[in-house]
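Just target-v8.csv here, CSV, C-alpha atoms and all ligand atoms:
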chain,number,residue,atom,x,y,z
A,23,MET,CA,93.2,102.4,117.8
A,24,LYS,CA,90.0,104.3,118.1
A,25,ASN,CA,88.6,105.6,121.3
A,26,ILE,CA,85.4,104.2,122.8
A,27,GLY,CA,83.3,104.6,126.0
A,28,LEU,CA,81.6,101.7,127.7
A,29,TYR,CA,78.3,101.8,129.6
A,30,VAL,CA,77.2,99.0,131.9
A,31,HIS,CA,73.6,98.9,133.0
A,32,ILE,CA,72.5,97.5,136.3
A,33,PRO,CA,68.7,97.5,136.3
A,34,PHE,CA,68.1,97.1,140.0
A,35,CYS,CA,67.1,99.5,142.8
A,36,LYS,CA,66.1,98.8,146.3
A,37,ARG,CA,62.7,100.3,145.5
A,38,LYS,CA,61.3,102.2,142.5
A,39,CYS,CA,61.1,106.0,142.9
A,40,LEU,CA,57.7,107.5,142.1
A,41,TYR,CA,58.9,109.6,139.2
A,42,CYS,CA,61.3,107.1,137.6
A,43,ASP,CA,60.9,105.7,134.1
A,44,PHE,CA,64.4,104.3,133.7
A,45,PRO,CA,64.7,100.6,133.0
A,46,SER,CA,65.1,99.5,136.6
A,47,PHE,CA,63.3,97.2,139.0
A,48,GLY,CA,62.9,97.1,142.8
A,49,ASN,CA,62.8,93.9,144.9
A,50,LYS,CA,64.5,91.7,142.4
A,51,GLU,CA,67.3,90.5,144.6
A,52,ASP,CA,66.7,86.9,143.4
A,53,LYS,CA,67.9,88.0,139.9
A,54,TYR,CA,71.2,89.6,140.8
A,55,ASP,CA,73.4,86.5,140.3
A,56,ALA,CA,71.8,85.4,137.0
A,57,TYR,CA,71.9,88.9,135.6
A,58,THR,CA,75.5,89.3,136.5
A,59,HIS,CA,76.4,86.1,134.9
A,60,ALA,CA,74.5,87.0,131.6
A,61,LEU,CA,76.2,90.5,131.7
A,62,GLU,CA,79.6,88.9,132.0
A,63,GLN,CA,78.9,86.8,128.9
A,64,GLU,CA,77.8,89.9,127.0
A,65,ILE,CA,80.9,91.8,128.1
A,66,GLU,CA,83.1,89.1,126.8
A,67,LYS,CA,81.3,89.0,123.4
A,68,ARG,CA,81.3,92.7,123.0
A,69,GLY,CA,85.0,92.8,123.8
A,70,GLU,CA,85.7,90.5,120.8
A,71,GLN,CA,84.0,93.2,118.6
A,72,CYS,CA,86.3,95.9,120.0
A,73,MET,CA,89.8,94.7,119.2
A,74,ASP,CA,90.6,98.0,117.4
A,75,TYR,CA,89.3,100.2,120.2
A,76,ARG,CA,90.7,101.5,123.4
A,77,VAL,CA,88.4,102.3,126.2
A,78,THR,CA,88.7,105.9,127.6
A,79,SER,CA,85.7,105.8,130.0
A,80,ILE,CA,83.5,103.2,131.7
A,81,PHE,CA,80.2,104.1,133.4
A,82,PHE,CA,78.2,101.7,135.6
A,83,GLY,CA,74.7,103.2,135.7
A,84,GLY,CA,71.2,102.1,136.5
A,85,GLY,CA,69.2,101.5,138.4
A,86,THR,CA,71.5,101.6,141.4
A,87,PRO,CA,74.6,99.6,140.6
A,88,THR,CA,75.7,99.6,144.3
A,89,VAL,CA,72.8,97.4,145.2
A,90,LEU,CA,75.0,94.6,143.9
A,91,SER,CA,77.4,93.0,146.3
A,92,GLU,CA,81.1,93.9,146.2
A,93,ASN,CA,81.8,90.5,144.8
A,94,LEU,CA,79.4,90.8,141.8
A,95,LEU,CA,80.6,94.3,141.0
A,96,ARG,CA,84.2,93.1,141.2
A,97,ARG,CA,83.4,90.3,138.8
A,98,LEU,CA,81.9,92.7,136.3
A,99,LEU,CA,84.8,95.1,136.4
A,100,GLU,CA,87.4,92.3,136.2
A,101,LYS,CA,85.5,90.9,133.2
A,102,ILE,CA,85.7,94.3,131.5
A,103,LYS,CA,89.4,94.6,132.2
A,104,ALA,CA,90.0,91.2,130.8
A,105,SER,CA,87.9,91.8,127.6
A,106,PHE,CA,88.9,95.3,126.5
A,107,THR,CA,92.0,97.4,126.2
A,108,ILE,CA,91.5,100.2,128.8
A,109,VAL,CA,93.7,103.3,128.8
A,110,GLU,CA,95.6,103.8,132.1
A,111,GLU,CA,93.9,107.1,132.9
A,112,ALA,CA,90.4,105.9,132.0
A,113,GLU,CA,87.5,107.6,133.9
A,114,ILE,CA,85.6,104.7,135.7
A,115,THR,CA,82.4,105.9,137.2
A,116,ILE,CA,79.8,104.1,139.3
A,117,GLU,CA,76.4,105.4,140.3
A,118,ALA,CA,76.0,105.0,144.0
A,119,ASN,CA,72.7,106.1,145.3
A,120,PRO,CA,72.6,107.3,148.9
A,121,GLY,CA,71.4,104.5,151.2
A,122,THR,CA,73.5,101.9,149.4
A,123,LEU,CA,77.1,103.1,150.1
A,124,GLU,CA,78.3,101.9,153.5
A,125,GLU,CA,82.0,102.6,154.4
A,126,LYS,CA,83.2,99.1,153.6
A,127,LYS,CA,81.6,99.1,150.1
A,128,ALA,CA,82.9,102.6,149.3
A,129,LYS,CA,86.5,101.4,150.1
A,130,ALA,CA,86.0,98.2,148.1
A,131,LEU,CA,84.8,100.1,145.1
A,132,ARG,CA,87.8,102.4,145.2
A,133,VAL,CA,90.2,99.5,145.5
A,134,MET,CA,88.7,97.5,142.6
A,135,GLY,CA,89.3,100.5,140.3
A,136,PHE,CA,86.3,102.9,140.3
A,137,ASN,CA,87.7,106.4,140.4
A,138,ARG,CA,84.5,108.5,140.1
A,139,LEU,CA,81.2,108.3,141.9
A,140,SER,CA,77.9,109.7,140.9
A,141,MET,CA,75.3,110.1,143.7
A,142,GLY,CA,71.6,111.0,143.4
A,143,VAL,CA,70.9,113.4,146.2
A,144,GLN,CA,68.0,115.2,144.5
A,145,ALA,CA,67.0,117.5,147.3
A,146,TRP,CA,68.2,118.5,150.8
A,147,GLN,CA,64.8,118.3,152.4
A,148,ASN,CA,63.5,115.0,153.8
A,149,ARG,CA,59.9,115.9,153.0
A,150,LEU,CA,60.8,116.3,149.3
A,151,LEU,CA,62.8,113.1,149.3
A,152,SER,CA,59.8,111.3,150.7
A,153,ILE,CA,57.5,112.8,148.0
A,154,LEU,CA,59.9,111.6,145.4
A,155,GLY,CA,59.8,108.1,146.9
A,156,ARG,CA,63.6,108.1,147.4
A,157,ILE,CA,64.9,105.4,149.8
A,158,HIS,CA,67.3,107.8,151.6
A,159,THR,CA,67.2,110.6,154.0
A,160,ILE,CA,69.5,113.6,153.8
A,161,GLU,CA,71.4,112.3,156.9
A,162,GLU,CA,72.0,109.0,155.1
A,163,PHE,CA,73.3,110.9,152.1
A,164,GLN,CA,75.7,112.9,154.2
A,165,ASN,CA,77.0,109.8,155.8
A,166,ASN,CA,77.4,108.0,152.4
A,167,PHE,CA,79.2,111.1,151.0
A,168,GLN,CA,81.7,111.1,153.9
A,169,ASN,CA,82.2,107.3,153.3
A,170,ALA,CA,83.1,108.1,149.7
A,171,ARG,CA,85.5,110.8,150.6
A,172,LYS,CA,87.1,108.6,153.3
A,173,ALA,CA,87.5,105.8,150.8
A,174,GLY,CA,89.6,108.2,148.6
A,175,PHE,CA,87.0,109.3,146.0
A,176,ASP,CA,88.2,112.7,144.9
A,177,ASN,CA,85.9,112.9,141.8
A,178,ILE,CA,82.3,112.9,142.8
A,179,ASN,CA,79.2,114.1,141.0
A,180,LEU,CA,76.0,115.0,142.9
A,181,ASP,CA,72.6,115.0,141.0
A,182,VAL,CA,70.0,117.4,142.2
A,183,MET,CA,66.5,118.2,140.9
A,184,PHE,CA,64.4,121.2,140.7
A,185,ALA,CA,60.8,122.0,139.8
A,186,LEU,CA,59.7,119.2,142.2
A,187,PRO,CA,56.1,119.1,143.3
A,188,THR,CA,55.5,121.6,146.2
A,189,GLN,CA,59.2,122.6,146.2
A,190,THR,CA,59.7,126.2,147.2
A,191,PHE,CA,62.3,128.5,145.8
A,192,ASP,CA,63.9,128.7,149.2
A,193,GLU,CA,64.2,124.9,149.4
A,194,TRP,CA,65.9,124.9,146.0
A,195,LYS,CA,68.4,127.6,147.2
A,196,GLU,CA,69.1,125.6,150.4
A,197,THR,CA,69.7,122.4,148.3
A,198,LEU,CA,72.2,124.2,146.2
A,199,GLU,CA,73.9,125.9,149.1
A,200,LYS,CA,74.3,122.7,151.1
A,201,ILE,CA,75.5,120.7,148.1
A,202,ALA,CA,78.1,123.4,147.2
A,203,GLU,CA,79.3,123.4,150.9
A,204,LEU,CA,80.3,119.8,150.3
A,205,ASP,CA,82.5,120.9,147.4
A,206,PRO,CA,81.8,118.0,145.0
A,207,GLU,CA,83.8,118.1,141.8
A,208,HIS,CA,80.7,118.0,139.6
A,209,ILE,CA,77.0,118.8,139.9
A,210,SER,CA,74.1,117.8,137.6
A,211,ALA,CA,70.9,119.8,138.0
A,212,TYR,CA,67.8,118.5,136.2
A,213,SER,CA,64.3,119.7,136.1
A,214,LEU,CA,61.7,117.1,137.0
A,215,ILE,CA,59.8,115.8,134.0
A,216,ILE,CA,56.7,113.9,134.8
A,217,GLU,CA,57.0,110.8,132.5
A,218,GLU,CA,54.1,108.6,131.3
A,219,GLY,CA,53.9,105.2,133.0
A,220,THR,CA,55.1,106.5,136.4
A,221,PRO,CA,53.1,106.8,139.6
A,222,PHE,CA,53.7,110.6,139.4
A,223,TYR,CA,52.1,110.6,136.0
A,224,GLU,CA,49.0,108.9,137.3
A,225,LYS,CA,48.7,111.4,140.2
A,226,PHE,CA,49.2,114.2,137.7
A,227,GLU,CA,46.4,112.9,135.5
A,228,LYS,CA,44.1,112.7,138.5
A,229,GLY,CA,45.0,116.3,139.4
A,230,GLU,CA,46.6,115.2,142.6
A,231,LEU,CA,50.0,116.5,141.7
A,232,LEU,CA,50.8,119.8,140.2
A,233,GLU,CA,53.5,120.5,137.7
A,234,THR,CA,55.8,123.4,138.4
A,235,ASN,CA,55.0,126.3,136.0
A,236,GLU,CA,57.5,127.1,133.3
A,237,GLU,CA,58.3,130.5,134.7
A,238,MET,CA,59.3,129.1,138.1
A,239,ASP,CA,61.2,126.2,136.4
A,240,ARG,CA,63.3,128.7,134.5
A,241,GLU,CA,63.9,131.0,137.5
A,242,MET,CA,65.2,128.0,139.4
A,243,TYR,CA,67.4,127.0,136.6
A,244,HIS,CA,68.8,130.6,136.1
A,245,TYR,CA,69.4,130.8,139.8
A,246,ALA,CA,71.4,127.6,139.8
A,247,VAL,CA,73.5,128.7,136.8
A,248,ALA,CA,74.5,132.0,138.5
A,249,PHE,CA,74.9,130.5,142.0
A,250,LEU,CA,77.1,127.6,140.8
A,251,ALA,CA,79.2,130.0,138.6
A,252,GLU,CA,79.9,132.0,141.8
A,253,ARG,CA,81.0,128.8,143.5
A,254,GLY,CA,83.5,128.0,140.8
A,255,TYR,CA,81.5,125.5,138.8
A,256,HIS,CA,81.9,125.9,135.0
A,257,HIS,CA,78.6,125.5,133.2
A,258,TYR,CA,79.7,123.1,130.4
A,259,GLU,CA,76.5,121.5,129.4
A,260,ILE,CA,72.8,122.5,129.7
A,261,SER,CA,72.4,120.6,133.0
A,262,ASN,CA,75.9,120.0,134.0
A,263,PHE,CA,78.5,122.0,136.0
A,264,ALA,CA,82.0,121.1,136.9
A,265,LYS,CA,85.1,122.3,138.7
A,266,SER,CA,88.0,123.0,136.3
A,267,GLY,CA,89.1,119.8,134.5
A,268,ARG,CA,86.3,117.7,136.2
A,269,GLU,CA,83.8,117.6,133.3
A,270,SER,CA,82.4,114.1,132.9
A,271,ARG,CA,84.5,112.5,130.2
A,272,HIS,CA,82.0,109.8,129.7
A,273,ASN,CA,79.0,112.0,129.2
A,274,LYS,CA,81.0,114.1,126.7
A,275,ILE,CA,81.2,111.0,124.6
A,276,TYR,CA,77.4,111.1,124.1
A,277,TRP,CA,77.3,114.8,123.3
A,278,GLN,CA,80.2,114.7,120.9
A,279,THR,CA,78.8,111.6,119.1
A,280,THR,CA,81.9,109.5,119.8
A,281,PRO,CA,81.4,105.7,119.7
A,282,TYR,CA,80.1,104.0,122.8
A,283,LEU,CA,79.0,100.5,123.6
A,284,GLY,CA,76.2,99.8,126.1
A,285,MET,CA,76.0,96.5,127.8
A,286,GLY,CA,73.2,95.1,130.0
A,287,LEU,CA,69.4,95.4,129.9
A,288,GLY,CA,68.1,98.1,127.5
A,289,ALA,CA,71.6,99.6,127.0
A,290,HIS,CA,72.0,101.7,123.9
A,291,SER,CA,75.1,101.8,121.7
A,292,TYR,CA,76.5,103.9,118.9
A,293,PHE,CA,79.1,101.7,117.3
A,294,GLN,CA,80.6,101.4,113.8
A,295,GLY,CA,78.0,103.8,112.3
A,296,SER,CA,75.0,102.0,113.8
A,297,ARG,CA,72.7,102.7,116.7
A,298,PHE,CA,71.2,99.8,118.5
A,299,HIS,CA,69.9,98.7,121.9
A,300,ASN,CA,69.4,95.6,124.0
A,301,THR,CA,66.1,94.1,125.0
A,302,TYR,CA,64.2,95.7,127.9
A,303,ASP,CA,62.9,92.3,129.0
A,304,LEU,CA,64.8,91.2,132.0
A,305,ASP,CA,64.1,87.4,131.7
A,306,LYS,CA,64.9,87.5,128.0
A,307,TYR,CA,68.2,89.3,128.7
A,308,ILE,CA,69.1,86.7,131.2
A,309,LEU,CA,68.1,83.8,129.0
A,310,ALA,CA,70.1,85.2,126.1
A,311,ASP,CA,73.2,84.6,128.2
A,312,GLY,CA,75.3,87.1,126.3
A,313,GLU,CA,74.4,85.8,122.8
A,314,ILE,CA,74.4,89.1,121.0
A,315,ASN,CA,71.8,88.2,118.3
A,316,ARG,CA,69.3,87.1,121.1
A,317,LEU,CA,69.7,90.2,123.3
A,318,GLU,CA,69.9,93.0,120.7
A,319,GLU,CA,66.6,94.4,119.6
A,320,GLU,CA,66.9,97.2,117.1
A,321,ARG,CA,69.7,98.1,114.9
A,322,GLU,CA,69.7,101.1,112.6
A,323,ILE,CA,72.5,102.1,110.3
A,324,GLN,CA,72.9,105.7,110.8
A,325,LEU,CA,72.5,107.6,107.6
A,326,LYS,CA,74.5,110.8,107.0
A,327,LYS,CA,71.4,113.0,107.4
A,328,ALA,CA,70.6,111.6,110.8
A,329,ALA,CA,74.2,111.8,111.9
A,330,MET,CA,74.3,115.5,111.0
A,331,GLU,CA,71.1,116.2,112.9
A,332,GLU,CA,72.4,114.4,116.0
A,333,PHE,CA,75.8,116.1,115.7
A,334,MET,CA,73.9,119.4,115.9
A,335,PHE,CA,71.5,118.8,118.7
A,336,LEU,CA,73.7,116.8,120.9
A,337,GLY,CA,76.7,119.1,120.4
A,338,LEU,CA,74.7,122.2,121.0
A,339,ARG,CA,73.9,120.9,124.5
A,340,LEU,CA,77.5,121.7,125.3
A,341,THR,CA,78.1,125.4,126.2
A,342,GLU,CA,81.2,125.3,123.9
A,343,GLY,CA,78.8,124.5,121.1
A,344,VAL,CA,79.7,122.8,117.8
A,345,SER,CA,82.6,123.4,115.6
A,346,PHE,CA,82.4,124.2,111.8
A,347,LYS,CA,85.7,122.4,111.3
A,348,VAL,CA,84.7,119.2,113.0
A,349,PHE,CA,81.5,119.1,111.1
A,350,SER,CA,83.2,119.4,107.7
A,351,GLU,CA,85.8,116.8,108.7
A,352,LEU,CA,83.1,114.4,109.7
A,353,PHE,CA,80.6,114.9,106.9
A,354,GLY,CA,82.7,116.3,104.0
A,355,VAL,CA,80.4,119.3,103.6
A,356,GLU,CA,80.4,122.7,105.3
A,357,MET,CA,77.9,123.2,108.2
A,358,LYS,CA,76.8,126.4,106.7
A,359,GLU,CA,76.0,124.7,103.4
A,360,VAL,CA,73.6,122.4,105.1
A,361,TYR,CA,72.2,124.7,107.7
A,362,ASN,CA,72.7,128.2,106.3
A,363,LYS,CA,69.2,129.6,106.7
A,364,VAL,CA,68.6,127.9,110.1
A,365,ILE,CA,71.9,129.3,111.5
A,366,SER,CA,71.3,132.8,110.3
A,367,ASP,CA,67.7,132.9,111.5
A,368,LEU,CA,68.7,131.5,114.9
A,369,LEU,CA,71.6,134.0,115.2
A,370,GLU,CA,69.3,136.8,114.4
A,371,SER,CA,66.7,135.7,117.0
A,372,ASN,CA,69.5,135.6,119.6
A,373,LEU,CA,69.0,131.8,120.2
A,374,LEU,CA,72.5,131.0,118.8
A,375,ARG,CA,75.7,132.9,119.2
A,376,GLN,CA,78.9,132.8,117.2
A,377,THR,CA,81.9,131.2,118.9
A,378,GLU,CA,85.6,131.2,117.8
A,379,GLU,CA,85.1,127.7,116.3
A,380,GLY,CA,81.4,127.6,115.4
A,381,ILE,CA,78.1,128.2,117.1
A,382,ALA,CA,76.6,127.7,120.5
A,383,LEU,CA,73.2,128.3,122.2
A,384,THR,CA,72.6,131.6,124.0
A,385,GLN,CA,71.0,131.7,127.4
A,386,ARG,CA,67.7,132.2,125.6
A,387,GLY,CA,68.4,129.3,123.3
A,388,ILE,CA,69.1,127.1,126.3
A,389,ASP,CA,65.7,128.0,127.8
A,390,ILE,CA,63.9,126.7,124.7
A,391,SER,CA,66.6,124.3,123.6
A,392,ASN,CA,64.2,121.5,122.5
A,393,GLN,CA,62.5,124.0,120.2
A,394,VAL,CA,65.9,125.1,118.8
A,395,PHE,CA,67.0,121.5,118.2
A,396,THR,CA,64.0,120.7,116.0
A,397,GLU,CA,65.2,123.5,113.7
A,398,PHE,CA,68.1,121.2,112.8
A,399,LEU,CA,66.0,118.4,111.5
A,400,LEU,CA,66.6,118.0,107.8
A,401,ASP,CA,63.9,117.3,105.2
A,402,GLU,CA,63.6,113.7,103.9
B,1,LIG,S1,67.2,105.2,142.3
B,1,LIG,FE1,67.3,106.2,140.2
B,1,LIG,S2,67.0,104.4,138.8
B,1,LIG,FE2,66.4,103.7,140.8
B,1,LIG,S3,64.2,104.0,140.9
B,1,LIG,FE3,65.1,105.9,141.8
B,1,LIG,S4,65.4,107.3,140.1
B,1,LIG,FE4,65.0,105.3,139.2

What's the structure tokens form of this structure?
Ligand code: SF4
Amino acid sequence: MKNIGLYVHIPFCKRKCLYCDFPSFGNKEDKYDAYTHALEQEIEKRGEQCMDYRVTSIFFGGGTPTVLSENLLRRLLEKIKASFTIVEEAEITIEANPGTLEEKKAKALRVMGFNRLSMGVQAWQNRLLSILGRIHTIEEFQNNFQNARKAGFDNINLDVMFALPTQTFDEWKETLEKIAELDPEHISAYSLIIEEGTPFYEKFEKGELLETNEEMDREMYHYAVAFLAERGYHHYEISNFAKSGRESRHNKIYWQTTPYLGMGLGAHSYFQGSRFHNTYDLDKYILADGEINRLEEEREIQLKKAAMEEFMFLGLRLTEGVSFKVFSELFGVEMKEVYNKVISDLLESNLLRQTEEGIALTQRGIDISNQVFTEFLLDE
């Protein structure tokens, strides 16, 4: 049996954050039941396609999955358990934004089988949380974090953000210090990107919101890398840090181009050599009621060229980098035959470094990673 990861998208939040361009909606409580029903149908159908696969990780993301009631979440997880073969030690994560995780719900999630939580803290200062349009205060987060620990969650990720509008360096340091004091097993640290179509973008266009300059952004990032290393967090991916053995198994599936199936609104999949995604239209998704040909929107058979490109730029996000051996096993050709000149140029410019097994980004390479990744695009 082959390994696979499952992603389940819950596209609801209490309210939309001002910077968010994820497929999620606020104030749609009236759709929770119908959506859950449609998602259950999709899970069942996808399960039928996965008879030869065993599930090693499940990730409930969003949106804010924990806006759904315990009952709806239980139904979804039960449906997954009934429709797929799941390994005993599978990592089963749920995103639980602060402000949605009361003690009773935290306990219920643990009992129903979730064994990892991911919480979006973002910043330690209430003034920044309010600028971001988050629903929670830092006091609510602390309360929800304790609820999770009390419920028995011993594998928790905290998301934090830097380069926020008006955020000072001291505020970023304080966020990292306070987060590290809580001793979570995993920390994700992302720089804010102002995305088109968000209220932040409109403000930015009108000149009412300033983007953090590149220099400050990089200083904040370098500070986080050094600080978290001192606190025992292994920097294993550009934006991700973990205590030993607590790397996110699910996210590694994406970076190592292992198959995964996404279910729910707008969810993306990489399965049997194809990439495809579901509709982003909520009503259409609900009406499709799990009929795959009505909810799936784009399917692209991944050609070898595209697969090689993705292997490089997703794999290079990991600090361990990419392996020459794995590349040749997957594609039947040596990496150096395909990328000889690119690799030697990037090694020479100190953007790549040689590892025991292959190549990885240097610190400089990480700073301009997007630029480095484009070097791995192959000619038509
Ligand atoms: S909680 Fe997350 S998904 Fe929901 S609106 Fe805020 S950033 Fe977007």

Pull the closest atom pair for each residue of chain A that gets at most 7 Å from ligand LIG 1 (chain B), along with the distance in Å to one decimal, counting only C-alpha atoms and all ligand atoms, ordering rows by chain and then ascending residue number, as CSV.
residue,atom,partner,partner_atom,distance
A:Phe34,CA,B:LIG1,FE2,6.9
A:Cys35,CA,B:LIG1,FE2,4.7
A:Arg37,CA,B:LIG1,S3,6.1
A:Lys38,CA,B:LIG1,S3,3.8
A:Cys39,CA,B:LIG1,FE3,4.1
A:Tyr41,CA,B:LIG1,S4,7.0
A:Cys42,CA,B:LIG1,FE4,4.4
A:Asp43,CA,B:LIG1,FE4,6.6
A:Phe44,CA,B:LIG1,FE4,5.6
A:Ser46,CA,B:LIG1,S2,5.7
A:Gly84,CA,B:LIG1,S2,5.3
A:Gly85,CA,B:LIG1,S2,3.7
A:Thr86,CA,B:LIG1,FE2,5.5
A:Asn119,CA,B:LIG1,S1,6.3
A:Arg156,CA,B:LIG1,FE3,6.2

| query | Nearest to A:Phe81 among A:Ala170, A:Ile314, A:Ile308, A:Ile26, with distances taken over only C-alpha atoms: which residue is it? | reply | A:Ile26

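Using all atoms listed in the file, the smallest distance between any of A:Arg149, A:Lys347, A:Lys326, A:His59 and A:Gly295 comes from A:Lys326.
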
| request: Return the single residue from A:Leu198, A:Leu287, A:Leu186, A:Gly48 that is closest to A:Asp305, with distances computed using all atoms listed in the file. | output: A:Leu287

| request: Would you mind listing what lies within 9 Å of A:His256 as a ChimeraX atom specification, with only C-alpha atoms counted and same-chain residues fewer than 4 positions away left out? | output: /A:250-251,262-266,269

Can you write just those residues out, C-alpha atoms, as a PDB file, keeping the file's coordinate frame?
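Writing the result to out00.pdb gives the following:
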ATOM      1  CA  LEU A 250      77.100 127.600 140.800  1.00  0.00           C
ATOM      2  CA  ALA A 251      79.200 130.000 138.600  1.00  0.00           C
ATOM      3  CA  ASN A 262      75.900 120.000 134.000  1.00  0.00           C
ATOM      4  CA  PHE A 263      78.500 122.000 136.000  1.00  0.00           C
ATOM      5  CA  ALA A 264      82.000 121.100 136.900  1.00  0.00           C
ATOM      6  CA  LYS A 265      85.100 122.300 138.700  1.00  0.00           C
ATOM      7  CA  SER A 266      88.000 123.000 136.300  1.00  0.00           C
ATOM      8  CA  GLU A 269      83.800 117.600 133.300  1.00  0.00           C
TER       9      GLU A 269
END

| field | Residue with smallest distance to A:Ile80 - pool A:Thr197, A:Asn273, A:Gln393, A:Ser345, counting all atoms listed in the file | value |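 Smallest distance to A:Ile80 is found for A:Asn273.
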
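Residue nearest A:His290 within the list A:Asp55, A:Glu332, A:Glu320, A:Asp311: A:Glu320 [criterion: smallest interatomic distance, all atoms listed in the file].
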
| Shortest interatomic distance to A:Ile102 - which of A:His208, A:Thr279, A:Glu193, A:Met285, counting only C-alpha atoms |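 When distances to A:Ile102 are compared using only C-alpha atoms, the smallest one comes from A:Met285.
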
| request: Identify, on the basis of only C-alpha atoms, every residue whose closest approach to A:Phe293 does not exceed 8 Å; exclude the query and any residue fewer than 6 positions from it along the same chain; express the result as number ranges by chain. | output: A: 281-283

| Contacts of A:Tyr243 within 12 Å, all atoms listed in the file, excl. fewer than 4 positions in-chain, as JSON, numbers by chain | {"A": [182, 183, 184, 185, 191, 194, 195, 198, 210, 211, 212, 213, 214, 236, 237, 238, 239, 247, 248, 249, 250, 257, 260, 261, 262, 385, 388, 389]}

| A:Arg96 environment, 10 Å, only C-alpha atoms, sequence neighbours closer than 3 positions dropped, as a ChimeraX atom specification | /A:90-93,99-102,130-131,133-135

| message | Quick check, in Å to one decimal: how far apart do atom CA of A:Tyr307 and atom CA of A:Ile65 lie? | response | 13.0 Å

| query | Can you tell me, as a list of chain:residue names, what residues are no more than 8 Å from A:Ala310 when counting only C-alpha atoms, ignoring any on the same chain fewer than 6 positions away? | reply | A:Ala60, A:Arg316, A:Leu317
